[in-house]
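Notes to accompany the following structure.
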Amino acid sequence: MSDIDSTSRLEGAFALPQLDYQALEPRALKSGFLTSLTWIAALLASIPLFSVIYMLLAQGGTRLFGADVVEVLTGLPPAGFEIGGGIGPAILGTLVMVGIASAISVPFGILAAVYLGVLDPTSKIATTSRFLAKVLTGFPSILAGVFVYAVVVIHWGYSALAGGVALAVLMLPTLVLAAEEAMAQVPQKMKDAAYGMGCTQTEVIWKVVLPTGLPGILTGVMLAVAGAAGESAPLLFTALFSNYYISELAEPTASLSILIYNFSGMPFENQIELAWTASLVLVLIVLLFNILARLVGRPKV
Amino acid sequence: MNAIAEALFVAEPFQAAGDIVIDCNVNNIFYGDFLAVRDSTVPIEKKKITGFIGPSGCGKSTVLRSLNRMNDLISAFRFEGSVMYHGQDIYAKKVDPVVVRRYIGMVFQQPNPFSMSIFDNVAFGLRLNRFKGDLEERVERALKRAALWKEVKDKLKNSGLSLSGGQQQRLCIARAIATEPDVLLMDEPCSALDPIATRQVEELMLELKQNYTVALVTHNMQQATRVADTTAFFSVDISRGGRTGYLVEMGPTRQIFEAPREQLTKEYISGEFS
Ligand SMILES: Nc1ncnc2c1ncn2[C@@H]1O[C@H](COP(=O)(O)OP(=O)(O)O)[C@@H](O)[C@H]1O
Ligand SMILES: [Mg+2]
């Protein structure tokens, strides 16, 4: 009964429709097979992800969730055979540099996005910069480091500022594109409403377009921050490293990613453990910003 | 060229009985090279509802949006003629269109509240104009006039987008009248609404007429007979290949519907074409 031709019922005898599930019917079999296949593929794809998280938790968790957690999070990195110590300067250094990078890239990014998304989306400058921003999102991050090395470090030496500038260079394209997208999503009829109320173009942007696009813009900011926090290559050439807490922005600064790079290659148990801990902390920071991105990004339109 | 121009139909100017707030004299309205509307004189009377009817594409919206320079936002738009508002031509060089729109408000076809709270939506124009008085009182008054107060008074903090379509449209009307504009332009404000919401908005328009001058575009002839005091009938001239809209006839609504002077009007209101 499974192969009733339901399209020819006008032509002759009308059989009662058979509406129950038919598990062995060819189409059902095919669908079931494909569904299981996707399940397996999804499972396989998530194996690396879960193994990384498992490894991080297993190896880094002992110190992070151990008794000396305060020392780990605030202490100075240990030297040679020293035991104990922590990754405090690196955590602070990463946060400071990401802060500097955001302070530079967020205002510039949003202003650029206002131009691209609202003021003159089709002009030559806009299409060119949009194209460049897209190219730059796939830009090898080490080149940002080399660029800032050539422009900043050669003149003023290694510093947290230089590191922040390098991260800003990396954040900018992501930010511009996300913010532009968010503002382009603001419906034209809302802008019309604002013009109809007697808003100038600037007022339309400040009072309607930016607030309406804000969730999307913040999502872009958070994702850019999360990306920058995990970068190591650009910092190698710009912020270098330091064993002490940052005391001024113009000096070399530790960062989590460089600390991981340095310590994981050392022949000492303690340093290797701390490298794992730093990795876990870094992942948690990135995760935090990703979660924030989802929270603020709940669409309101 | 001139010979054709001589032959073009031009409606008799409508002699309004009362004060005229906006005297719109269109010679030509272009979108780029396309002549959208020609030769139409549309006076808008004070504290009356002037309805614009006609087949779609005849330029009703174009003319309406010319009355507060909303069309300036379209770069290809070009207006030839004059729109005298209390004796000043709003298309004069020295006139700032942004200021014009603060006096001549607009309600659109699609409800378009901002993505902010109901209160902030209504307060938007007041804040824009740096209103110094009692904001809450004015918001309440506007919502009451827009017949929305009862439904929203307990959820003023909720997003304007959380309301139903009909409520959103009344919110937009409240937002438009909160700043007490002199004239309200409404472009098919009920076309996205169900019959009940339509009825509410129509009652609201009759209510608003006490204080405001209203120009209303509608594709619904019954609506025009229900609310408009004066009706302007536009049509499209396709005889010369283009699709140029023009005013066919304007007069008191009763006269337009019961004793139209033009054959075209007669055919349109009897439903022979749309
Ligand atoms: N932004 C625009 N750009 C170009 N042509 C337009 C634009 N808006 C309207 N038109 C044209 O102008 C004519 C009148 O349109 P409109 O005023 O919207 O008519 P109605 O409101 O009576 O339906 C139509 O032929 C339409 O295609
Ligand atoms: Mg229209």
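Residues are named by chain letter and number: chains run A, B, ... in the order of the structure tokens, numbers start at 1 in each chain, and ligands are numbered from 1 in the order shown.
Taking only C-alpha atoms and all ligand atoms into account, the protein and nucleic acid residues that come at most 6 Å from ligand 1 are Tyr31, Ala36, Ser56, Gly57, Cys58, Gly59, Lys60, Ser61, Thr62 and Ile74 of chain B.
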Residues at most 10 Å from region 165-169 of chain A, counting only C-alpha atoms, excluding those fewer than 4 positions away in the same chain, as a CSV table (one decimal) with all heavy atoms, in the first residue's frame?
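File out27.csv, as written:
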```
chain,number,residue,atom,x,y,z
A,97,MET,N,46.6,45.1,26.2
A,97,MET,CA,46.8,45.3,24.8
A,97,MET,C,45.5,45.2,24.0
A,97,MET,O,45.3,45.9,23.1
A,97,MET,CB,47.9,44.3,24.3
A,97,MET,CG,49.3,44.8,24.7
A,97,MET,SD,50.6,43.8,23.9
A,97,MET,CE,50.5,42.3,24.9
A,98,VAL,N,44.7,44.2,24.4
A,98,VAL,CA,43.4,44.1,23.8
A,98,VAL,C,42.6,45.4,24.0
A,98,VAL,O,41.9,45.9,23.1
A,98,VAL,CB,42.6,42.9,24.3
A,98,VAL,CG1,41.1,43.0,23.8
A,98,VAL,CG2,43.2,41.6,23.8
A,99,GLY,N,42.7,46.0,25.2
A,99,GLY,CA,42.1,47.3,25.5
A,99,GLY,C,42.5,48.4,24.6
A,99,GLY,O,41.7,49.1,24.1
A,100,ILE,N,43.9,48.5,24.5
A,100,ILE,CA,44.4,49.5,23.6
A,100,ILE,C,43.9,49.3,22.2
A,100,ILE,O,43.4,50.2,21.5
A,100,ILE,CB,46.0,49.5,23.6
A,100,ILE,CG1,46.5,49.8,25.0
A,100,ILE,CG2,46.5,50.4,22.5
A,100,ILE,CD1,48.0,49.6,25.1
A,101,ALA,N,43.9,48.0,21.7
A,101,ALA,CA,43.5,47.7,20.4
A,101,ALA,C,42.0,48.1,20.2
A,101,ALA,O,41.7,48.7,19.2
A,101,ALA,CB,43.7,46.3,20.1
A,102,SER,N,41.2,47.8,21.2
A,102,SER,CA,39.8,48.2,21.1
A,102,SER,C,39.6,49.7,21.0
A,102,SER,O,38.8,50.3,20.3
A,102,SER,CB,39.0,47.6,22.2
A,102,SER,OG,39.2,46.3,22.4
A,103,ALA,N,40.4,50.4,21.9
A,103,ALA,CA,40.2,51.9,22.0
A,103,ALA,C,40.6,52.5,20.7
A,103,ALA,O,40.0,53.5,20.3
A,103,ALA,CB,41.2,52.4,23.1
A,104,ILE,N,41.5,51.9,19.9
A,104,ILE,CA,41.9,52.4,18.6
A,104,ILE,C,40.8,52.0,17.6
A,104,ILE,O,40.3,52.8,16.8
A,104,ILE,CB,43.3,52.0,18.2
A,104,ILE,CG1,44.3,52.5,19.2
A,104,ILE,CG2,43.6,52.5,16.8
A,104,ILE,CD1,45.7,51.9,19.0
A,105,SER,N,40.6,50.7,17.5
A,105,SER,CA,39.8,50.2,16.4
A,105,SER,C,38.3,50.4,16.4
A,105,SER,O,37.7,50.5,15.4
A,105,SER,CB,40.1,48.7,16.2
A,105,SER,OG,39.7,47.9,17.3
A,106,VAL,N,37.8,50.4,17.7
A,106,VAL,CA,36.3,50.5,17.7
A,106,VAL,C,35.8,51.8,17.2
A,106,VAL,O,35.0,51.9,16.3
A,106,VAL,CB,35.8,50.2,19.2
A,106,VAL,CG1,34.3,50.6,19.3
A,106,VAL,CG2,36.0,48.8,19.5
A,108,PHE,N,37.3,54.0,15.2
A,108,PHE,CA,37.6,54.1,13.7
A,108,PHE,C,36.7,53.1,12.9
A,108,PHE,O,36.2,53.5,11.9
A,108,PHE,CB,39.1,53.7,13.5
A,108,PHE,CG,40.0,54.9,13.6
A,108,PHE,CD1,40.9,55.0,14.6
A,108,PHE,CD2,40.0,55.9,12.6
A,108,PHE,CE1,41.7,56.0,14.8
A,108,PHE,CE2,40.9,56.9,12.7
A,108,PHE,CZ,41.7,57.0,13.8
A,109,GLY,N,36.6,51.9,13.5
A,109,GLY,CA,35.8,50.9,12.7
A,109,GLY,C,34.4,51.4,12.6
A,109,GLY,O,33.8,51.3,11.5
A,136,LEU,N,41.5,42.0,4.0
A,136,LEU,CA,42.3,42.0,5.2
A,136,LEU,C,41.8,41.1,6.3
A,136,LEU,O,42.5,40.7,7.2
A,136,LEU,CB,42.3,43.5,5.8
A,136,LEU,CG,43.2,44.4,5.1
A,136,LEU,CD1,43.1,45.8,5.6
A,136,LEU,CD2,44.7,44.0,5.2
A,141,SER,N,48.1,37.0,10.2
A,141,SER,CA,48.2,38.0,11.3
A,141,SER,C,49.7,38.4,11.5
A,141,SER,O,50.0,39.5,12.0
A,141,SER,CB,47.6,37.4,12.6
A,141,SER,OG,48.3,36.2,12.8
A,142,ILE,N,50.6,37.5,11.1
A,142,ILE,CA,52.0,37.9,11.3
A,142,ILE,C,52.4,39.1,10.5
A,142,ILE,O,53.2,39.9,11.0
A,142,ILE,CB,52.9,36.7,10.9
A,142,ILE,CG1,54.3,36.9,11.5
A,142,ILE,CG2,53.0,36.5,9.4
A,142,ILE,CD1,55.1,35.6,11.6
A,143,LEU,N,51.7,39.3,9.4
A,143,LEU,CA,52.0,40.5,8.6
A,143,LEU,C,51.6,41.8,9.3
A,143,LEU,O,52.2,42.8,9.2
A,143,LEU,CB,51.3,40.5,7.3
A,143,LEU,CG,51.8,39.4,6.3
A,143,LEU,CD1,51.1,39.5,5.0
A,143,LEU,CD2,53.3,39.4,6.1
A,144,ALA,N,50.6,41.7,10.2
A,144,ALA,CA,50.2,42.9,11.0
A,144,ALA,C,51.4,43.2,11.9
A,144,ALA,O,51.7,44.4,12.1
A,144,ALA,CB,48.9,42.6,11.8
A,145,GLY,N,52.0,42.2,12.5
A,145,GLY,CA,53.1,42.3,13.4
A,145,GLY,C,54.3,43.0,12.6
A,145,GLY,O,54.9,44.0,13.1
A,146,VAL,N,54.6,42.5,11.4
A,146,VAL,CA,55.7,43.0,10.6
A,146,VAL,C,55.4,44.5,10.3
A,146,VAL,O,56.3,45.3,10.4
A,146,VAL,CB,55.9,42.2,9.4
A,146,VAL,CG1,57.0,42.8,8.5
A,146,VAL,CG2,56.2,40.7,9.7
A,147,PHE,N,54.2,44.7,9.9
A,147,PHE,CA,53.8,46.1,9.5
A,147,PHE,C,54.1,47.1,10.7
A,147,PHE,O,54.7,48.1,10.5
A,147,PHE,CB,52.4,46.1,9.1
A,147,PHE,CG,51.8,47.5,8.9
A,147,PHE,CD1,52.1,48.3,7.9
A,147,PHE,CD2,50.8,48.0,9.9
A,147,PHE,CE1,51.6,49.6,7.8
A,147,PHE,CE2,50.3,49.2,9.8
A,147,PHE,CZ,50.7,50.0,8.7
A,148,VAL,N,53.6,46.7,11.8
A,148,VAL,CA,53.7,47.6,13.0
A,148,VAL,C,55.2,47.6,13.4
A,148,VAL,O,55.7,48.7,13.9
A,148,VAL,CB,52.8,47.2,14.1
A,148,VAL,CG1,53.0,48.0,15.4
A,148,VAL,CG2,51.3,47.3,13.7
A,149,TYR,N,55.9,46.6,13.2
A,149,TYR,CA,57.3,46.6,13.5
A,149,TYR,C,58.0,47.6,12.7
A,149,TYR,O,58.7,48.5,13.2
A,149,TYR,CB,57.9,45.2,13.2
A,149,TYR,CG,59.4,45.1,13.5
A,149,TYR,CD1,59.9,44.8,14.8
A,149,TYR,CD2,60.4,45.4,12.5
A,149,TYR,CE1,61.2,44.8,15.1
A,149,TYR,CE2,61.7,45.3,12.8
A,149,TYR,CZ,62.1,45.0,14.1
A,149,TYR,OH,63.5,45.0,14.4
A,152,VAL,N,56.3,51.3,13.8
A,152,VAL,CA,56.3,51.8,15.1
A,152,VAL,C,57.5,51.3,15.9
A,152,VAL,O,58.3,52.1,16.4
A,152,VAL,CB,55.0,51.3,15.9
A,152,VAL,CG1,55.1,51.8,17.4
A,152,VAL,CG2,53.8,51.8,15.2
A,159,SER,N,56.8,47.6,22.6
A,159,SER,CA,56.0,48.2,23.7
A,159,SER,C,54.6,47.6,23.6
A,159,SER,O,54.2,47.0,22.6
A,159,SER,CB,55.9,49.7,23.6
A,159,SER,OG,55.2,50.0,22.4
A,160,ALA,N,53.9,47.8,24.7
A,160,ALA,CA,52.5,47.4,24.8
A,160,ALA,C,51.7,48.1,23.8
A,160,ALA,O,50.8,47.6,23.1
A,160,ALA,CB,51.9,47.6,26.2
A,161,LEU,N,52.0,49.4,23.6
A,161,LEU,CA,51.3,50.2,22.6
A,161,LEU,C,51.5,49.7,21.2
A,161,LEU,O,50.5,49.5,20.5
A,161,LEU,CB,51.9,51.7,22.6
A,161,LEU,CG,51.3,52.6,23.6
A,161,LEU,CD1,52.0,54.0,23.6
A,161,LEU,CD2,49.8,52.8,23.3
A,173,PRO,N,39.3,45.3,10.2
A,173,PRO,CA,38.4,44.8,9.1
A,173,PRO,C,37.2,44.0,9.6
A,173,PRO,O,36.1,44.3,9.2
A,173,PRO,CB,39.3,43.9,8.3
A,173,PRO,CG,40.6,43.8,8.9
A,173,PRO,CD,40.7,44.8,10.1
A,174,THR,N,37.4,43.1,10.6
A,174,THR,CA,36.3,42.4,11.2
A,174,THR,C,35.2,43.3,11.7
A,174,THR,O,34.0,43.2,11.4
A,174,THR,CB,36.7,41.5,12.4
A,174,THR,OG1,38.0,41.1,12.2
A,174,THR,CG2,35.8,40.4,12.7
A,175,LEU,N,35.7,44.3,12.4
A,175,LEU,CA,34.8,45.3,13.0
A,175,LEU,C,34.0,46.1,12.0
A,175,LEU,O,32.8,46.3,12.1
A,175,LEU,CB,35.7,46.3,13.8
A,175,LEU,CG,35.5,46.3,15.3
A,175,LEU,CD1,36.7,46.8,16.0
A,175,LEU,CD2,34.3,47.2,15.5
A,224,ALA,N,35.7,40.5,17.4
A,224,ALA,CA,37.0,41.0,17.1
A,224,ALA,C,37.9,40.9,18.3
A,224,ALA,O,39.1,40.6,18.2
A,224,ALA,CB,36.9,42.4,16.6
A,225,VAL,N,37.4,41.3,19.5
A,225,VAL,CA,38.2,41.2,20.7
A,225,VAL,C,38.6,39.8,21.0
A,225,VAL,O,39.8,39.5,21.3
A,225,VAL,CB,37.4,41.8,21.9
A,225,VAL,CG1,38.0,41.4,23.2
A,225,VAL,CG2,37.3,43.3,21.8
A,227,GLY,N,39.0,37.4,18.9
A,227,GLY,CA,40.0,37.0,17.9
A,227,GLY,C,41.4,37.6,18.3
A,227,GLY,O,42.4,36.9,18.3
A,228,ALA,N,41.4,38.9,18.7
A,228,ALA,CA,42.7,39.6,19.0
A,228,ALA,C,43.3,39.0,20.3
A,228,ALA,O,44.5,38.8,20.3
A,228,ALA,CB,42.4,41.1,19.2
A,229,ALA,N,42.5,38.6,21.2
A,229,ALA,CA,43.0,38.1,22.5
A,229,ALA,C,43.9,36.8,22.3
A,229,ALA,O,44.8,36.6,23.0
A,229,ALA,CB,41.9,37.8,23.5
A,231,GLU,N,45.7,36.1,19.6
A,231,GLU,CA,46.8,36.3,18.6
A,231,GLU,C,48.1,36.2,19.3
A,231,GLU,O,48.3,36.7,20.4
A,231,GLU,CB,46.6,37.6,17.9
A,231,GLU,CG,45.6,37.6,16.8
A,231,GLU,CD,45.9,36.6,15.7
A,231,GLU,OE1,47.1,36.2,15.6
A,231,GLU,OE2,45.0,36.3,14.9
A,232,SER,N,49.1,35.6,18.6
A,232,SER,CA,50.4,35.6,19.1
A,232,SER,C,51.4,36.2,18.1
A,232,SER,O,52.3,37.0,18.5
A,232,SER,CB,50.9,34.2,19.5
A,232,SER,OG,50.7,33.3,18.4
A,233,ALA,N,51.3,35.8,16.9
A,233,ALA,CA,52.2,36.3,15.9
A,233,ALA,C,52.5,37.8,15.8
A,233,ALA,O,53.6,38.2,15.9
A,233,ALA,CB,51.8,35.7,14.5
A,234,PRO,N,51.4,38.6,15.8
A,234,PRO,CA,51.6,40.0,15.7
A,234,PRO,C,52.3,40.6,17.0
A,234,PRO,O,53.0,41.6,16.9
A,234,PRO,CB,50.2,40.6,15.6
A,234,PRO,CG,49.3,39.6,15.8
A,234,PRO,CD,49.9,38.3,15.8
A,235,LEU,N,52.2,39.9,18.1
A,235,LEU,CA,52.8,40.4,19.4
A,235,LEU,C,54.3,40.1,19.4
A,235,LEU,O,55.0,40.8,20.1
A,235,LEU,CB,52.1,39.8,20.6
A,235,LEU,CG,50.6,40.2,20.7
A,235,LEU,CD1,50.0,39.5,21.9
A,235,LEU,CD2,50.4,41.7,20.7
A,237,PHE,N,56.5,40.5,17.3
A,237,PHE,CA,57.3,41.6,16.7
A,237,PHE,C,57.1,42.9,17.4
A,237,PHE,O,57.7,43.9,17.0
A,237,PHE,CB,57.0,41.8,15.2
A,237,PHE,CG,57.3,40.6,14.4
A,237,PHE,CD1,56.4,39.7,14.1
A,237,PHE,CD2,58.6,40.5,13.9
A,237,PHE,CE1,56.7,38.6,13.3
A,237,PHE,CE2,59.0,39.4,13.2
A,237,PHE,CZ,58.0,38.4,12.9
A,238,THR,N,56.1,43.0,18.3
A,238,THR,CA,55.7,44.3,18.7
A,238,THR,C,55.8,44.5,20.2
A,238,THR,O,56.4,45.5,20.7
A,238,THR,CB,54.3,44.6,18.3
A,238,THR,OG1,53.5,43.5,18.7
A,238,THR,CG2,54.2,44.8,16.8
A,239,ALA,N,55.2,43.6,21.0
A,239,ALA,CA,55.2,43.7,22.4
A,239,ALA,C,56.3,42.9,23.1
A,239,ALA,O,56.6,43.1,24.2
A,239,ALA,CB,53.8,43.3,23.0
```
Within 9 Å of chain A, which residues belong to chain B? Use only C-alpha atoms and report them as a ChimeraX atom specification. /B:68,70,73,97-108,110-116,124-125,128,159,161,172,175-176,179
Can I get the selection written as a short mmCIF file (atom, residue, chain, number, x, y, z; two decimals), in the first residue's frame, with N, CA, C and O atoms?
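Result file follows (selection33.cif):
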```
data_model
loop_
_atom_site.label_atom_id
_atom_site.label_comp_id
_atom_site.auth_asym_id
_atom_site.auth_seq_id
_atom_site.Cartn_x
_atom_site.Cartn_y
_atom_site.Cartn_z
N ASN B 68 6.25 67.88 2.09
CA ASN B 68 7.19 68.17 3.17
C ASN B 68 8.63 67.85 2.77
O ASN B 68 9.48 67.60 3.60
N MET B 70 9.94 65.27 1.58
CA MET B 70 10.46 63.94 1.86
C MET B 70 11.18 63.39 0.63
O MET B 70 12.11 62.60 0.74
N LEU B 73 15.08 63.12 -0.39
CA LEU B 73 16.00 62.03 -0.04
C LEU B 73 16.31 61.15 -1.25
O LEU B 73 17.24 60.37 -1.24
N PRO B 97 14.91 71.89 4.38
CA PRO B 97 13.87 70.85 4.36
C PRO B 97 13.69 70.16 5.72
O PRO B 97 12.59 69.71 6.05
N VAL B 98 14.77 70.07 6.50
CA VAL B 98 14.67 69.44 7.81
C VAL B 98 13.68 70.20 8.70
O VAL B 98 12.87 69.60 9.41
N VAL B 99 13.72 71.52 8.61
CA VAL B 99 12.81 72.32 9.42
C VAL B 99 11.38 72.19 8.91
O VAL B 99 10.43 72.10 9.69
N VAL B 100 11.25 72.13 7.58
CA VAL B 100 9.91 71.97 7.00
C VAL B 100 9.24 70.72 7.58
O VAL B 100 8.08 70.73 7.96
N ARG B 101 10.02 69.63 7.68
CA ARG B 101 9.45 68.36 8.15
C ARG B 101 9.06 68.41 9.61
O ARG B 101 8.31 67.57 10.09
N ARG B 102 9.60 69.36 10.35
CA ARG B 102 9.17 69.46 11.75
C ARG B 102 7.80 70.10 11.86
O ARG B 102 7.09 69.91 12.83
N TYR B 103 7.42 70.87 10.84
CA TYR B 103 6.08 71.48 10.84
C TYR B 103 5.07 70.59 10.13
O TYR B 103 3.89 70.63 10.44
N ILE B 104 5.57 69.87 9.15
CA ILE B 104 4.67 69.04 8.35
C ILE B 104 5.07 67.59 8.55
O ILE B 104 6.03 67.10 7.97
N GLY B 105 4.36 66.92 9.46
CA GLY B 105 4.72 65.54 9.85
C GLY B 105 4.19 64.52 8.88
O GLY B 105 3.41 64.84 7.97
N MET B 106 4.62 63.28 9.08
CA MET B 106 4.27 62.27 8.09
C MET B 106 4.00 60.92 8.75
O MET B 106 4.68 60.52 9.68
N VAL B 107 2.96 60.24 8.26
CA VAL B 107 2.68 58.86 8.68
C VAL B 107 2.74 58.01 7.42
O VAL B 107 2.15 58.37 6.40
N PHE B 108 3.48 56.90 7.50
CA PHE B 108 3.79 56.13 6.30
C PHE B 108 2.84 54.95 6.10
O PHE B 108 2.08 54.58 6.99
N GLN B 110 3.66 51.70 5.65
CA GLN B 110 4.02 50.62 6.56
C GLN B 110 4.25 51.22 7.94
O GLN B 110 4.98 52.20 8.05
N PRO B 111 3.64 50.65 8.99
CA PRO B 111 3.96 51.15 10.32
C PRO B 111 5.48 51.04 10.52
O PRO B 111 6.06 50.02 10.19
N ASN B 112 6.11 52.12 11.00
CA ASN B 112 7.57 52.08 11.13
C ASN B 112 8.05 52.64 12.46
O ASN B 112 8.80 53.59 12.50
N PRO B 113 7.62 52.02 13.58
CA PRO B 113 8.14 52.48 14.87
C PRO B 113 9.64 52.23 14.95
O PRO B 113 10.16 51.36 14.26
N PHE B 114 10.32 53.03 15.78
CA PHE B 114 11.74 52.79 16.00
C PHE B 114 11.90 51.60 16.92
O PHE B 114 11.01 51.28 17.70
N SER B 115 13.08 50.99 16.84
CA SER B 115 13.36 49.86 17.71
C SER B 115 13.75 50.37 19.09
O SER B 115 14.87 50.26 19.54
N MET B 116 12.78 51.02 19.74
CA MET B 116 12.99 51.52 21.11
C MET B 116 11.66 51.42 21.82
O MET B 116 10.67 50.96 21.24
N PHE B 124 10.37 60.77 20.98
CA PHE B 124 11.48 61.00 20.04
C PHE B 124 11.51 62.43 19.48
O PHE B 124 12.49 63.14 19.59
N GLY B 125 10.37 62.83 18.91
CA GLY B 125 10.32 64.14 18.29
C GLY B 125 10.45 65.27 19.30
O GLY B 125 11.03 66.32 19.02
N LEU B 128 13.98 65.50 20.17
CA LEU B 128 14.68 66.05 19.01
C LEU B 128 14.56 67.57 19.00
O LEU B 128 15.50 68.28 18.68
N SER B 159 9.15 47.37 23.86
CA SER B 159 9.55 47.84 22.54
C SER B 159 8.33 48.17 21.70
O SER B 159 7.32 47.46 21.74
N LEU B 161 8.13 47.69 18.74
CA LEU B 161 7.99 46.63 17.75
C LEU B 161 7.22 45.43 18.28
O LEU B 161 6.88 44.52 17.54
N CYS B 172 2.73 55.19 15.57
CA CYS B 172 3.39 56.11 14.64
C CYS B 172 2.62 57.42 14.53
O CYS B 172 3.20 58.49 14.39
N ARG B 175 3.41 59.31 17.61
CA ARG B 175 4.76 59.87 17.49
C ARG B 175 4.74 61.11 16.61
O ARG B 175 5.38 62.12 16.91
N ALA B 176 3.93 61.05 15.53
CA ALA B 176 3.89 62.19 14.61
C ALA B 176 3.18 63.39 15.23
O ALA B 176 3.56 64.53 14.98
N THR B 179 4.68 66.14 18.65
CA THR B 179 5.33 67.44 18.53
C THR B 179 4.36 68.51 18.04
O THR B 179 4.77 69.64 17.78
#
```
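Minimum atom-to-atom distances from A:Ile272, A:Ala41, A:Leu56, A:Ile87 to Ser242 (chain A) were compared using only C-alpha atoms, and the lowest value belongs to A:Ile87.
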Would you please extract all strand (DSSP E or B) residues from region 74-262 of chain B, as assigned by DSSP on the backbone, and give them as JSON, numbers by chain? {"B": [77, 78, 79, 80, 81, 82, 83, 84, 85, 88, 89, 104, 105, 106, 107, 117, 159, 183, 184, 185, 186, 187, 213, 214, 215, 216, 217, 230, 231, 232, 233, 234, 235, 236, 237, 244, 245, 246, 247, 248, 249, 250, 251, 252]}
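CA of Phe9 (chain B) to CA of Val227 (chain B) spans 28.3 Å [interatomic distance, one decimal].
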Fewer than 2 positions away in the same chain doesn't count, so skip those; otherwise give me all residues within 12 Å of Leu264 (chain B), counting only C-alpha atoms, as a list in words. Phe9, Ala11, Gly54, Pro55, Phe233, Phe234, Ser235, Val236, Asp237, Leu247, Val248, Glu249, Ile256, Phe257, Pro260, Arg261, Glu262, Lys266, Glu267, Tyr268, Ile269, Ser270, Gly271, Glu272, Phe273 and Ser274 of chain B
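Proximity to ligand 2 was assessed for B:Arg141, B:Arg69, B:Arg199, B:His219 counting only C-alpha atoms and all ligand atoms; the smallest distance is recorded for B:His219.
Those residues of region 70-106 of chain B that DSSP, working from the backbone, places in alpha helix (DSSP H) are Pro97, Val98, Val99, Val100, Arg101, Arg102 and Tyr103 of chain B.
Comparing the minimum interatomic distances between ligand 2 and each of B:Gln109, B:Thr225, B:Thr265, B:Thr244, counting only C-alpha atoms and all ligand atoms, we find that B:Gln109 sits nearest.
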